[in-house]
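Enquirer: One structure is given below, represented as structure tokens, and several questions about it will come after.
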Amino acid sequence: MTTRRSFLAFALTVAVLSLVAPSTARPDGPLPVVATFSILGDVLERVGGEHVAVTTLVGPNGDTHVYEPTPSDARAVRGAALLMTNGLEFEGWIDRLVDVAEFDGERVVATDGIEPIVPNEDAHHDGEENHDGDAHDDGENRDGDAHAEGRDATAADEHTERAGDEHGHGAFDPHAWHDPELVAVYADNVADALAEIDPDNASDYRNNLAAYHAELAVLDSEIEAMMAALPENRRIVVTSHDAFGYFGRAYGLTFEAPRGLSTEDEASATDVAVLIRQIRERNLPAVFIESIGDRRLLDQIARETGAVIGGTLYTGALSEPGGPAGTYLDMMRHNATTLRRALGPNQ
Amino acid sequence: MTTALAFRDLSLGYRRHRAVHRLEAEIATGSLTAVVGPNGAGKSTLLKGVVGALSPLEGHVSFDAVKREDVAYLPQRSTIERDFPLSVLELVAMGLWREIGPFGRVGRATRPRLAEAISAVGLDGLEARPIGSLSGGQVQRALFARLLLQDARLVLLDEPFTAIDARTVADLIGVVRRWHAEGRAVLAVLHDIEAVRAHFPRTLLLARELVAHGPTADVLTAANRFRAHQMCEACAGPPHTCGGDTA
Amino acid sequence: MIWNAVVQPFVEFGFMRRALLGGVAISLGATPVGVFLMLRRMSLTGDAMAHAILPGAAVGYLVAGLSLGAMTVGGLVAGMTVALLSGFVTRVTRSGEDTSLAAFYLISLALGVLIVSTRGSNVDLMHVLFGTVLALDDAALALLCVIASLSLVTLALLFRPLVLECADPEFLRSVSGLSAVTHFGFLALIVLNLVGGFHALGTLMAVGIMILPAAAARFWVEGIGGLVTVAVAIAMLASLCGLLLSYHFDLPSGPAIILAAGFVYGVSLSIGPAGGLLSQALSHRRLEA
């Protein structure tokens, strides 16, 4: 069962449904809006407040890179007045979904207006030789196949070969949400869009936006203070996912995440060896696992180097509500605190 | 005469097709009996019923002087995997399973018997050959050697000489006669009527139902054989439409 | 120079040593099973069983997270269920062994995918199920060694019945009641080794280390004892070379090992004295000349 076939299957479903179901007239009450994943959903909720009913496609602890949309997602998108995506090729599957669902609402790309980071294309991150045949379309990850091929174990061929590792292999690093200043831009874009499609409540949106801006500013200075306390030689973080470029840029840390430890690729011995050598040479104190994906390799590295598993970082999803990273602000605080505790001078 | 085994009102078959219908007959200990009949007469099925590969639809097989475990069986098409890396010696040694069990070794007591069996079927010198390199006749010899080692009181042979060269047939008939001389009962399904007349004192003529059973000369009359053919043709349908009683 | 290339990586890095040990353990456990699989013409069964156990391991993960115990038990249960059901159906109906196995492993696989999807977790489960030999922790390594020991002991015990069951199953059935025990014992060994293998190599690579060395060994020796010995040696060699390739050329470890085994297979196929292409061509020439 390839992604293409499953897409076709629910495309047919939706087509049939569209013939049968009544057209979705705008009901009174909250505006139905859709965000692609939990972090965006949180922002959307803060800005939209009681005027919106938010549906999030990729839920808490979900991995947006390899997500496969379901028919109910198509239904949600179809009936939505606004769709919020991250952009920067984070959700390679979204354009297909939008087409199939015949979405005709307002599309907000959260990263509009942001200056993105171009990831470092060194030998480590270039994983071409790892991928089977026509692995990934570099710039354009519109092909949903590329992602889901990795997830598709029933095709009895490539399993550990993930076709098309999106982030890091796309042109830009999409994880802009790790910088609160950029999330302020996210919120701006959303507020503008909401005001446009729902002018009656425009003032409420502006007020919510202002409140959120304030909270983001507080968050930003908090994190800055925490990170500033880190000694110079302890500002290197080893983690399994190359997602913290923006955090690093904002707060002066370096993040090391060799290929092979992410959710897509399979590790080579070279990766592991190089990382171990680095940790030993630079005496790095801790490695960090992330909430998505496999920690076993990091455990192995920690064991061998004596580095500590510093904790879990949330890279691309919130935790369940009530968990340590139930909202965006909580998530950022959690990440920062975890880093501070493991890397700080009194360790 | 003591009965080795008896067929008591035995019916055997597959699903809706009855291959053997209400057979009533006794096989004496030490007898050498050929089972003959037209195609589709149920001969192979009968042997399978003895060995337990098929459960009776009606009636039963009664083991009297011979115990159920004391039967050696050579199926029509051997299920031997010819590509399997087995030597002739190893194949023949399988016959000792009952004695030495799954963990036993071929020891001082059994080794001479092994050699003797191989010799008896004319395979001296070929012990180390892989079975994949043997001709059809040689494989059959090896299988007979295995039967020899099984040392059973009743030997069942299902068309053992089909597509085998004449020389081998002659040699293997010698083995059959040896069994007879040793007082073992032999029941062999055969197609070659001349061979039956020449070597088998008793015959059981089967056409789904019993046509005749007894000394070969009495059984293999033209009349009996004709009746057998008729019965088999008539019995294209369910058995109870088959004409009347047997014999 | 050689030292640097071959030995030094293992001296310097603990994870390389563990990976090698894991590879050796798998070679000892899975490869002999693979020899029998090959001789029984059941090579593709290995692949089918690998698919059958995946859902069990996936369910284990959903229940208890990345727990070795849960995923192992889950995989075992799924694998044995499929094996038993398909064996039962084969014996009781007209279905061939290949058809019933295909039917049940496909059902199992579909069930697994369904269960995982409806639980709503979007974590790339399949990735989680594919371990890597570079990440073997103590528990996983211990599991592999236990499985290897268990396999070897079982094979030694069941050796003669297994040979008989491969070579002449009807005969075995007629002389012994062990036929069923042997058959299912063998299937259990397959499942056990695949479950162990997926922690280290990922399930489908685990099939590779089962089958490829056995297939290669066939071109060198004839007798069973020889086959097992040569196959195990090839498997260990492939583990070593694969790890070194992964280390020196930045290749993922699992596929590197399997491709190393594949390379040996290719060489064996070409120049192996027992039925290899070259030897066939030469003997042809001799016959004609």
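Chain labels A, B, ... are given in the sequence in which chains occur in the structure tokens; within each chain residues are numbered consecutively from 1, and ligands are likewise numbered from 1 in the order shown.
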Identify every residue of chain A that has at least one atom within 6 Å of any atom of chain C, counting only C-alpha atoms, and report the result as a ChimeraX atom specification.

Expert: /A:62-63,151,266-270,294,296-297,300

Enquirer: With a distance cut-off of 12 Å and only C-alpha atoms, select the neighbouring residues of B:Arg129, excluding the residue or stretch itself and same-chain residues fewer than 5 positions from it, and output the selection as a PyMOL selection string.

Expert: (chain B and resi 85-92+123-124+134-135+138-139+142) or (chain C and resi 222-223)

Enquirer: Store the residues picked out above in a file with N, CA and C atoms, as a PDB file, in the first residue's frame.

Expert:
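Printed below is out-v9.pdb as written:
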ATOM      1  N   PRO B  85      21.014 -32.293   0.572  1.00  0.00           N
ATOM      2  CA  PRO B  85      22.344 -32.902   0.643  1.00  0.00           C
ATOM      3  C   PRO B  85      22.363 -34.126   1.558  1.00  0.00           C
ATOM      4  N   LEU B  86      21.944 -35.207   1.024  1.00  0.00           N
ATOM      5  CA  LEU B  86      21.876 -36.449   1.786  1.00  0.00           C
ATOM      6  C   LEU B  86      22.656 -37.494   1.010  1.00  0.00           C
ATOM      7  N   SER B  87      23.398 -38.315   1.740  1.00  0.00           N
ATOM      8  CA  SER B  87      24.092 -39.383   1.038  1.00  0.00           C
ATOM      9  C   SER B  87      23.205 -40.619   1.035  1.00  0.00           C
ATOM     10  N   VAL B  88      23.571 -41.566   0.203  1.00  0.00           N
ATOM     11  CA  VAL B  88      22.823 -42.821   0.141  1.00  0.00           C
ATOM     12  C   VAL B  88      22.791 -43.459   1.518  1.00  0.00           C
ATOM     13  N   LEU B  89      23.927 -43.470   2.155  1.00  0.00           N
ATOM     14  CA  LEU B  89      24.022 -44.068   3.483  1.00  0.00           C
ATOM     15  C   LEU B  89      23.044 -43.415   4.446  1.00  0.00           C
ATOM     16  N   GLU B  90      22.990 -42.083   4.408  1.00  0.00           N
ATOM     17  CA  GLU B  90      22.109 -41.376   5.339  1.00  0.00           C
ATOM     18  C   GLU B  90      20.652 -41.675   5.033  1.00  0.00           C
ATOM     19  N   LEU B  91      20.354 -41.756   3.755  1.00  0.00           N
ATOM     20  CA  LEU B  91      18.973 -42.055   3.379  1.00  0.00           C
ATOM     21  C   LEU B  91      18.562 -43.431   3.885  1.00  0.00           C
ATOM     22  N   VAL B  92      19.415 -44.408   3.614  1.00  0.00           N
ATOM     23  CA  VAL B  92      19.079 -45.764   4.038  1.00  0.00           C
ATOM     24  C   VAL B  92      18.997 -45.835   5.563  1.00  0.00           C
ATOM     25  N   LEU B 123      23.730 -51.652  -4.023  1.00  0.00           N
ATOM     26  CA  LEU B 123      24.276 -50.298  -4.041  1.00  0.00           C
ATOM     27  C   LEU B 123      25.650 -50.223  -3.377  1.00  0.00           C
ATOM     28  N   ASP B 124      26.352 -51.349  -3.340  1.00  0.00           N
ATOM     29  CA  ASP B 124      27.683 -51.317  -2.728  1.00  0.00           C
ATOM     30  C   ASP B 124      28.548 -50.281  -3.431  1.00  0.00           C
ATOM     31  N   LEU B 134      21.749 -39.785  -8.109  1.00  0.00           N
ATOM     32  CA  LEU B 134      21.356 -41.157  -8.429  1.00  0.00           C
ATOM     33  C   LEU B 134      20.334 -41.190  -9.548  1.00  0.00           C
ATOM     34  N   SER B 135      20.323 -42.318 -10.259  1.00  0.00           N
ATOM     35  CA  SER B 135      19.278 -42.512 -11.248  1.00  0.00           C
ATOM     36  C   SER B 135      18.000 -42.933 -10.541  1.00  0.00           C
ATOM     37  N   GLN B 138      18.324 -46.325  -9.024  1.00  0.00           N
ATOM     38  CA  GLN B 138      19.179 -46.349  -7.834  1.00  0.00           C
ATOM     39  C   GLN B 138      18.455 -45.784  -6.619  1.00  0.00           C
ATOM     40  N   VAL B 139      17.681 -44.737  -6.832  1.00  0.00           N
ATOM     41  CA  VAL B 139      16.913 -44.194  -5.715  1.00  0.00           C
ATOM     42  C   VAL B 139      15.948 -45.243  -5.182  1.00  0.00           C
ATOM     43  N   ALA B 142      17.694 -47.667  -3.062  1.00  0.00           N
ATOM     44  CA  ALA B 142      17.996 -47.109  -1.750  1.00  0.00           C
ATOM     45  C   ALA B 142      16.743 -47.121  -0.872  1.00  0.00           C
TER      46      ALA B 142
ATOM     47  N   GLU C 222      28.671 -29.393   0.037  1.00  0.00           N
ATOM     48  CA  GLU C 222      27.439 -30.147  -0.195  1.00  0.00           C
ATOM     49  C   GLU C 222      26.749 -30.580   1.095  1.00  0.00           C
ATOM     50  N   GLY C 223      27.493 -31.219   1.983  1.00  0.00           N
ATOM     51  CA  GLY C 223      26.878 -31.800   3.171  1.00  0.00           C
ATOM     52  C   GLY C 223      26.344 -30.742   4.121  1.00  0.00           C
TER      53      GLY C 223
END

Enquirer: With distances taken over only C-alpha atoms, which residue among B:Leu46, B:Leu74, B:Leu54, B:Leu210 lies nearest chain C?

Expert: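 Once distances to chain C are computed over only C-alpha atoms, the minimum belongs to B:Leu74.
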
Enquirer: Find the residues near B:Asp70: any atom within 7 Å, counting only C-alpha atoms, skip ones fewer than 3 places away on the same chain, and give them as a ChimeraX atom specification.

Expert: /B:66-67,152-154

Enquirer: Excluding B:Gln230 and its own-chain neighbours fewer than 5 positions away, which residues fall within 10 Å of it when counting only C-alpha atoms? Please give them as a PyMOL selection string.

Expert: chain B and resi 38+207+224-225+235

Enquirer: Of the residues A:Thr312, A:Thr254, A:Ser319, A:Thr85, which is the one nearest to A:Val108, using only C-alpha atoms?

Expert: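 That would be A:Thr85, the residue with the smallest distance to A:Val108.
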
Enquirer: Can you pull out the residues contacting B:Ser44? Cut-off 12 Å, using only C-alpha atoms, and skip same-chain residues under 3 positions away; I want them as a PyMOL selection string.

Expert: chain B and resi 12-13+19-20+35-41+47-51+53-54+73-77+156-160+187-191+206-208

Enquirer: Keeping N, CA and C atoms, export the residues of the selection given above as a JSON list (two decimals), in the first residue's frame.

Expert:
[["chain", "number", "residue", "atom", "x", "y", "z"],
["B", 12, "LEU", "N", -13.19, -45.87, 2.02],
["B", 12, "LEU", "CA", -12.21, -44.79, 2.09],
["B", 12, "LEU", "C", -12.46, -43.84, 0.94],
["B", 13, "GLY", "N", -12.24, -42.59, 1.19],
["B", 13, "GLY", "CA", -12.41, -41.69, 0.05],
["B", 13, "GLY", "C", -12.04, -40.27, 0.38],
["B", 19, "ALA", "N", -13.27, -43.82, -2.93],
["B", 19, "ALA", "CA", -12.31, -44.58, -3.72],
["B", 19, "ALA", "C", -12.38, -46.06, -3.40],
["B", 20, "VAL", "N", -12.68, -46.40, -2.16],
["B", 20, "VAL", "CA", -12.82, -47.80, -1.76],
["B", 20, "VAL", "C", -14.17, -47.94, -1.08],
["B", 35, "VAL", "N", -2.05, -56.17, -5.23],
["B", 35, "VAL", "CA", -3.32, -55.45, -5.33],
["B", 35, "VAL", "C", -3.39, -54.88, -6.73],
["B", 36, "VAL", "N", -4.38, -55.36, -7.51],
["B", 36, "VAL", "CA", -4.48, -54.89, -8.88],
["B", 36, "VAL", "C", -5.89, -54.41, -9.16],
["B", 37, "GLY", "N", -6.02, -53.72, -10.26],
["B", 37, "GLY", "CA", -7.34, -53.23, -10.65],
["B", 37, "GLY", "C", -7.18, -52.11, -11.65],
["B", 38, "PRO", "N", -8.27, -51.70, -12.25],
["B", 38, "PRO", "CA", -8.20, -50.64, -13.25],
["B", 38, "PRO", "C", -7.79, -49.32, -12.60],
["B", 39, "ASN", "N", -7.53, -48.36, -13.45],
["B", 39, "ASN", "CA", -7.18, -47.04, -12.91],
["B", 39, "ASN", "C", -8.33, -46.47, -12.11],
["B", 40, "GLY", "N", -7.99, -45.82, -11.04],
["B", 40, "GLY", "CA", -9.05, -45.23, -10.23],
["B", 40, "GLY", "C", -9.76, -46.24, -9.37],
["B", 41, "ALA", "N", -9.17, -47.45, -9.26],
["B", 41, "ALA", "CA", -9.86, -48.49, -8.52],
["B", 41, "ALA", "C", -9.68, -48.34, -7.02],
["B", 47, "LEU", "N", -3.91, -48.49, 0.47],
["B", 47, "LEU", "CA", -2.67, -48.50, 1.23],
["B", 47, "LEU", "C", -2.60, -47.31, 2.18],
["B", 48, "LYS", "N", -3.03, -46.15, 1.69],
["B", 48, "LYS", "CA", -3.00, -44.97, 2.54],
["B", 48, "LYS", "C", -3.90, -45.17, 3.76],
["B", 49, "GLY", "N", -5.00, -45.89, 3.54],
["B", 49, "GLY", "CA", -5.88, -46.15, 4.67],
["B", 49, "GLY", "C", -5.23, -47.05, 5.69],
["B", 50, "VAL", "N", -4.45, -48.01, 5.23],
["B", 50, "VAL", "CA", -3.75, -48.88, 6.16],
["B", 50, "VAL", "C", -2.77, -48.09, 7.00],
["B", 51, "VAL", "N", -2.07, -47.21, 6.33],
["B", 51, "VAL", "CA", -0.97, -46.51, 7.00],
["B", 51, "VAL", "C", -1.48, -45.36, 7.86],
["B", 53, "ALA", "N", -2.92, -42.52, 6.69],
["B", 53, "ALA", "CA", -2.92, -41.21, 6.06],
["B", 53, "ALA", "C", -4.34, -40.75, 5.74],
["B", 54, "LEU", "N", -5.24, -41.69, 5.67],
["B", 54, "LEU", "CA", -6.64, -41.35, 5.45],
["B", 54, "LEU", "C", -7.49, -41.99, 6.54],
["B", 73, "TYR", "N", 6.08, -48.54, 4.68],
["B", 73, "TYR", "CA", 5.27, -48.07, 3.56],
["B", 73, "TYR", "C", 6.13, -47.34, 2.54],
["B", 74, "LEU", "N", 5.99, -47.72, 1.29],
["B", 74, "LEU", "CA", 6.67, -47.01, 0.22],
["B", 74, "LEU", "C", 5.62, -46.35, -0.65],
["B", 75, "PRO", "N", 5.47, -45.03, -0.58],
["B", 75, "PRO", "CA", 4.42, -44.38, -1.37],
["B", 75, "PRO", "C", 4.74, -44.38, -2.85],
["B", 76, "GLN", "N", 3.75, -44.06, -3.62],
["B", 76, "GLN", "CA", 3.87, -44.14, -5.07],
["B", 76, "GLN", "C", 4.89, -43.15, -5.59],
["B", 77, "ARG", "N", 4.71, -41.90, -5.15],
["B", 77, "ARG", "CA", 5.70, -40.90, -5.54],
["B", 77, "ARG", "C", 6.44, -40.51, -4.28],
["B", 156, "LEU", "N", 4.15, -52.41, 2.76],
["B", 156, "LEU", "CA", 3.22, -51.92, 1.75],
["B", 156, "LEU", "C", 3.99, -51.25, 0.64],
["B", 157, "LEU", "N", 3.76, -51.66, -0.59],
["B", 157, "LEU", "CA", 4.46, -51.05, -1.73],
["B", 157, "LEU", "C", 3.43, -50.52, -2.71],
["B", 158, "ASP", "N", 3.52, -49.24, -3.03],
["B", 158, "ASP", "CA", 2.57, -48.65, -3.97],
["B", 158, "ASP", "C", 3.29, -48.41, -5.30],
["B", 159, "GLU", "N", 3.00, -49.29, -6.26],
["B", 159, "GLU", "CA", 3.60, -49.21, -7.59],
["B", 159, "GLU", "C", 5.10, -49.00, -7.52],
["B", 160, "PRO", "N", 5.83, -49.91, -6.93],
["B", 160, "PRO", "CA", 7.25, -49.73, -6.71],
["B", 160, "PRO", "C", 8.10, -49.86, -7.96],
["B", 187, "LEU", "N", 2.13, -56.40, 0.78],
["B", 187, "LEU", "CA", 0.96, -56.00, 0.00],
["B", 187, "LEU", "C", 1.46, -54.97, -1.01],
["B", 188, "ALA", "N", 1.38, -55.33, -2.30],
["B", 188, "ALA", "CA", 1.98, -54.45, -3.29],
["B", 188, "ALA", "C", 0.98, -54.10, -4.37],
["B", 189, "VAL", "N", 0.82, -52.81, -4.64],
["B", 189, "VAL", "CA", -0.01, -52.36, -5.74],
["B", 189, "VAL", "C", 0.83, -52.44, -7.00],
["B", 190, "LEU", "N", 0.31, -53.12, -8.02],
["B", 190, "LEU", "CA", 1.10, -53.31, -9.23],
["B", 190, "LEU", "C", 0.23, -53.13, -10.46],
["B", 191, "HIS", "N", 0.91, -52.72, -11.54],
["B", 191, "HIS", "CA", 0.21, -52.62, -12.81],
["B", 191, "HIS", "C", 0.59, -53.74, -13.76],
["B", 206, "LEU", "N", -9.30, -55.23, -7.19],
["B", 206, "LEU", "CA", -10.12, -54.17, -6.63],
["B", 206, "LEU", "C", -10.64, -53.25, -7.72],
["B", 207, "ALA", "N", -11.95, -52.99, -7.68],
["B", 207, "ALA", "CA", -12.51, -51.98, -8.57],
["B", 207, "ALA", "C", -13.45, -51.14, -7.73],
["B", 208, "ARG", "N", -12.84, -50.46, -6.82],
["B", 208, "ARG", "CA", -13.55, -49.76, -5.78],
["B", 208, "ARG", "C", -14.18, -50.72, -4.78]]
